[in-house]
Amino acid sequence: MSGHGPETGPGGEAATSGWAFSRRRLLAAGLAATAGAAVGGLADVAPDAAGAAAGAPPGGAPGPPTSLQAGDLAEAVGLDADAVRFSWRVSDTRRSAVQSAYRVVVRRIPSGDAGGPRSGRAVTVWDSGEVASSQQTLVPYRGPRLDADAAYHWTVRTWDGDGRAGPFAAPATFTTCLAPSDWQANWITRPADPKVRPDIYTYLRREVELAPGPVARATVYVSGDQQYELYVNGVRTGKGQAYSFPDSQYFESLDVTPLLRAGAPNALAAITYWDGPTKGHPAGTPGFILQLSVLHRDGTRETAATDGAWRVLPGAWLPGTQRDLEGDLVDFTENIDGPAIPVGWQLPGFVDGGWAPATVLGPAGVAPWRRLVPVATRIVEEPVVAKTLQTLPGGAVVADFGKVYAARPTVAFHKGQSGRLVKMRAGYLLDDAAQAQAIGGVPGEVSTLHGTQHTNMRYSYVQRGGTETFVPFDYLGFRYFQVDNPGEALADGDVVALARHSDLPQDQVADFRSSEPVLADIFELARHSALYTAQEQYIDTPTREKGPWLWDGFNESVAAMAAYGERNLTAKSLREFAQSQSRFWPNGAVNKIYPTGLGALDINEYTEIYPEWVWQYWLHTGDHEMLSELYPVLRRLAGYVEQAVDR
């Protein structure tokens, strides 16, 4: 791989190091187009930006770049102000076309400005000038320090191999997250319970009345140890990304601008879940933190944050048991008590007078959450309706979703009976006649013995009565879902799997064609698996351990990068395993699974695959800064391996 030395920007500052990329790697990047990009407001530095969408100009110069991304995100919300990087796709369909140079311009959107295309008020904070480089992915921002909790436009133009410049791209927007000194929120939790044990669910809420006047931008910064689910005015907004050691606790940045009501009460509500140490995450400590930053069109700001005024209530979950039938520390079964659900608790106007005041644990930075780290990955869900519903002799209903998904199974009841216990279970296989006879069951039931990965995949729900929906908090991997005694006829659409995965780029999903159908089936299976093993972290299985094993993560990451152009989750995982070396292994090894509640555990061949994972990431990204960051880890690892060589 060839490279160039440091270039300089228009002010003499180091702009970037250029790194050549192959066309294969560029296409594999799968960069998603940024929706709603502004077009105007760059006349002083980019006079041709208004014509950016017109395609390549006469004379054969390149067209305006497309698929602009900041932080490898099409919708770039809450980037670390100290680590902003830019990517784009060159718009030039001529044979042997290359990018020989680029120019990036970044402009600050003034406070109170909605950032619309005709605002004309943005101020240039960095103009790279013409930089001789073929680099077009993860180009570092090299300007003055960016403000925290602020919005920016950026655009780029490119030059071809003959030195001809194309027009600027239509500008894209990104926002930065809070800096450590900007946090005003406190960590809160439920009042101490002398019977506390893992498997704790908690409702938390508070209403805040905003000042009148249109809201220009609003962002929630939020974290929960270990998991949370956030609602704003009744709309589910985020699903927590906090499977980490608390001394480097992840937090999300979520755009909630369209959900808020100016001049009216707004409900901020969350469910948190803590289940102690497992293979998939460290023990942590039950806690929740949130800060809402609201910017009005008139330039005024409002902040709402977790404190002692928040109200808390134990979750409507009955005690569960460990799902693993052989004693591993994994998830707990979910048994939901419908009558205990506080109906409407996520909405403004709910009366929470019977709830307890939250216990304040301390401000951001208090132990054990010494550092809050912004995370770029997101969990998304898509409803998958059962392909078939079959009612078996005895009344059980079995839903078949056609293939295996990592999902939350949901069931809509229309004639619930107060106090009725409904038992349910998920699975991969159905019992045939011989298997059913051996256990006294019915053929066609979801098997509890075969294909379960020795996992208890049961759920239960106590009905409240009337129209209601069973919605568990966590997910499993399954194809089939059985409702033992629904008490009513279930129709198409009543049993739905909320399939969930990390938000991978979807606009450039890889395709494969072959005259051999088996090869096409294998490719589709691999692509499907790559998608659903990408959760808060790469996992070995969505059913049992849900653990981020190193070699499993390597396989899944390489597949996801090739099939989806995924890079953020891979970078997150590489950094996590690098942290395991400093936490556990002064000899240079890395943990076989991390983060985890099981402590220091290694497999030497797993350690040996880590450099290959770094290399595969490099081949897909050309990310020189990540390579530099991980180089000391690789050197220590090489020393560990060298000590084992038999000379």
# chains A, B, ... in the order shown; residues from 1 in each chain; ligands from 1

$ select_by_dssp --residues "range 389-467 of chain A" --states "alpha helix (DSSP H)" --output "number ranges by chain"
A: 433-439

$ write_last_selection --atoms "N, CA, C and O atoms" --output "tab-separated table (two decimals), in the first residue's frame"
chain	number	residue	atom	x	y	z
A	433	ALA	N	-43.12	-36.46	15.72
A	433	ALA	CA	-44.03	-37.33	16.47
A	433	ALA	C	-43.29	-38.16	17.51
A	433	ALA	O	-43.75	-38.29	18.66
A	434	ALA	N	-42.12	-38.71	17.13
A	434	ALA	CA	-41.38	-39.55	18.08
A	434	ALA	C	-40.85	-38.72	19.24
A	434	ALA	O	-40.91	-39.16	20.41
A	435	GLN	N	-40.34	-37.52	18.95
A	435	GLN	CA	-39.82	-36.67	20.02
A	435	GLN	C	-40.94	-36.23	20.96
A	435	GLN	O	-40.77	-36.19	22.18
A	436	ALA	N	-42.09	-35.91	20.39
A	436	ALA	CA	-43.23	-35.49	21.21
A	436	ALA	C	-43.71	-36.63	22.09
A	436	ALA	O	-44.02	-36.44	23.27
A	437	GLN	N	-43.76	-37.85	21.54
A	437	GLN	CA	-44.21	-38.99	22.32
A	437	GLN	C	-43.28	-39.27	23.49
A	437	GLN	O	-43.73	-39.62	24.59
A	438	ALA	N	-41.97	-39.07	23.28
A	438	ALA	CA	-40.98	-39.35	24.33
A	438	ALA	C	-41.15	-38.44	25.54
A	438	ALA	O	-40.80	-38.82	26.66
A	439	ILE	N	-41.67	-37.25	25.33
A	439	ILE	CA	-41.81	-36.30	26.44
A	439	ILE	C	-43.27	-36.03	26.79
A	439	ILE	O	-43.57	-35.15	27.61

$ select_by_dssp --residues "range 92-147 of chain A" --states "strand (DSSP E or B)" --output "list in words"
Ala101, Tyr102, Arg103, Val104, Val105, Val106, Arg107, Arg108, Val123, Thr124, Val125, Trp126, Asp127, Val131, Ala132, Val139 and Pro140 of chain A

$ closest_residue --among "A:Asn456, A:Thr541, A:Thr219, A:Ser514" --to "Arg323 in chain A" --atoms "only C-alpha atoms"
A:Asn456

$ residues_around --residues "Glu556 in chain A" --least-positions-apart "2" --cutoff "9 Å" --atoms "only C-alpha atoms" --output "ChimeraX atom specification"
/A:529-531,533-534,538-540,551-554,558-561

$ closest_residue --among "A:Phe401, A:Phe413, A:Tyr203, A:Phe350" --to "Ala489 in chain A" --atoms "only C-alpha atoms"
A:Phe413

$ atom_distance --atom1 "CA of Val312 in chain A" --atom2 "CA of Leu230 in chain A"
14.0 Å

$ closest_residue --among "A:Asn266, A:Ser573, A:Ser111, A:Asn485" --to "Asp298 in chain A" --atoms "only C-alpha atoms"
A:Ser111

$ residues_around --residues "Ala211 in chain A" --least-positions-apart "3" --cutoff "10 Å" --atoms "only C-alpha atoms" --output "MDAnalysis selection string"
chainID A and resid 208 214:215 261:265 294 296 300:302

$ write_last_selection --atoms "N, CA, C and O atoms" --output "PDB file, in the first residue's frame"
ATOM      1  N   VAL A 208     -40.685  17.624  32.179  1.00  0.00           N
ATOM      2  CA  VAL A 208     -40.063  18.949  32.145  1.00  0.00           C
ATOM      3  C   VAL A 208     -40.873  19.829  31.208  1.00  0.00           C
ATOM      4  O   VAL A 208     -41.268  19.401  30.123  1.00  0.00           O
ATOM      5  N   PRO A 214     -40.229  27.917  19.033  1.00  0.00           N
ATOM      6  CA  PRO A 214     -39.832  26.717  18.294  1.00  0.00           C
ATOM      7  C   PRO A 214     -38.485  26.168  18.763  1.00  0.00           C
ATOM      8  O   PRO A 214     -37.581  26.916  19.136  1.00  0.00           O
ATOM      9  N   VAL A 215     -38.365  24.844  18.727  1.00  0.00           N
ATOM     10  CA  VAL A 215     -37.115  24.167  19.076  1.00  0.00           C
ATOM     11  C   VAL A 215     -36.303  23.970  17.805  1.00  0.00           C
ATOM     12  O   VAL A 215     -36.773  23.383  16.828  1.00  0.00           O
ATOM     13  N   ARG A 261     -42.255  19.183  22.720  1.00  0.00           N
ATOM     14  CA  ARG A 261     -43.335  20.155  22.586  1.00  0.00           C
ATOM     15  C   ARG A 261     -42.939  21.425  23.328  1.00  0.00           C
ATOM     16  O   ARG A 261     -42.820  21.433  24.560  1.00  0.00           O
ATOM     17  N   ALA A 262     -42.714  22.489  22.569  1.00  0.00           N
ATOM     18  CA  ALA A 262     -42.349  23.761  23.192  1.00  0.00           C
ATOM     19  C   ALA A 262     -43.537  24.324  23.961  1.00  0.00           C
ATOM     20  O   ALA A 262     -44.698  24.197  23.546  1.00  0.00           O
ATOM     21  N   GLY A 263     -43.247  24.939  25.116  1.00  0.00           N
ATOM     22  CA  GLY A 263     -44.290  25.558  25.918  1.00  0.00           C
ATOM     23  C   GLY A 263     -45.235  24.580  26.568  1.00  0.00           C
ATOM     24  O   GLY A 263     -46.356  24.953  26.938  1.00  0.00           O
ATOM     25  N   ALA A 264     -44.810  23.335  26.731  1.00  0.00           N
ATOM     26  CA  ALA A 264     -45.692  22.302  27.294  1.00  0.00           C
ATOM     27  C   ALA A 264     -44.853  21.299  28.064  1.00  0.00           C
ATOM     28  O   ALA A 264     -43.639  21.214  27.885  1.00  0.00           O
ATOM     29  N   PRO A 265     -45.492  20.496  28.929  1.00  0.00           N
ATOM     30  CA  PRO A 265     -44.757  19.444  29.636  1.00  0.00           C
ATOM     31  C   PRO A 265     -44.308  18.346  28.670  1.00  0.00           C
ATOM     32  O   PRO A 265     -45.026  18.001  27.718  1.00  0.00           O
ATOM     33  N   VAL A 294     -31.597  21.424  24.907  1.00  0.00           N
ATOM     34  CA  VAL A 294     -32.588  21.993  23.988  1.00  0.00           C
ATOM     35  C   VAL A 294     -32.122  23.373  23.545  1.00  0.00           C
ATOM     36  O   VAL A 294     -31.815  24.236  24.380  1.00  0.00           O
ATOM     37  N   HIS A 296     -33.404  26.600  21.344  1.00  0.00           N
ATOM     38  CA  HIS A 296     -34.556  27.224  20.695  1.00  0.00           C
ATOM     39  C   HIS A 296     -34.109  28.091  19.518  1.00  0.00           C
ATOM     40  O   HIS A 296     -32.945  28.509  19.437  1.00  0.00           O
ATOM     41  N   THR A 300     -31.955  30.743  22.754  1.00  0.00           N
ATOM     42  CA  THR A 300     -31.924  30.369  24.169  1.00  0.00           C
ATOM     43  C   THR A 300     -31.759  28.856  24.301  1.00  0.00           C
ATOM     44  O   THR A 300     -32.161  28.082  23.435  1.00  0.00           O
ATOM     45  N   ARG A 301     -31.169  28.462  25.422  1.00  0.00           N
ATOM     46  CA  ARG A 301     -30.911  27.041  25.692  1.00  0.00           C
ATOM     47  C   ARG A 301     -31.598  26.622  26.983  1.00  0.00           C
ATOM     48  O   ARG A 301     -31.722  27.418  27.917  1.00  0.00           O
ATOM     49  N   GLU A 302     -32.013  25.361  27.015  1.00  0.00           N
ATOM     50  CA  GLU A 302     -32.551  24.759  28.231  1.00  0.00           C
ATOM     51  C   GLU A 302     -31.887  23.398  28.434  1.00  0.00           C
ATOM     52  O   GLU A 302     -31.557  22.708  27.463  1.00  0.00           O
TER      53      GLU A 302
END

$ closest_residue --among "A:Ala172, A:Val411, A:Val483, A:Leu292" --to "Thr467 in chain A" --atoms "only C-alpha atoms"
A:Val411

$ residues_around --residues "Met424 in chain A" --least-positions-apart "2" --cutoff "6 Å" --atoms "only C-alpha atoms" --output "list in words"
Arg458, Tyr459, Ser460, Gln482, Val483 and Asp484 of chain A

$ closest_residue --among "A:Arg378, A:Asp182, A:Arg85, A:Gly444" --to "Thr391 in chain A" --atoms "only C-alpha atoms"
A:Gly444

$ residues_around --residues "Val220 in chain A" --least-positions-apart "6" --cutoff "6 Å" --atoms "only C-alpha atoms" --output "VMD selection string"
chain A and resid 253 to 254 291 to 292
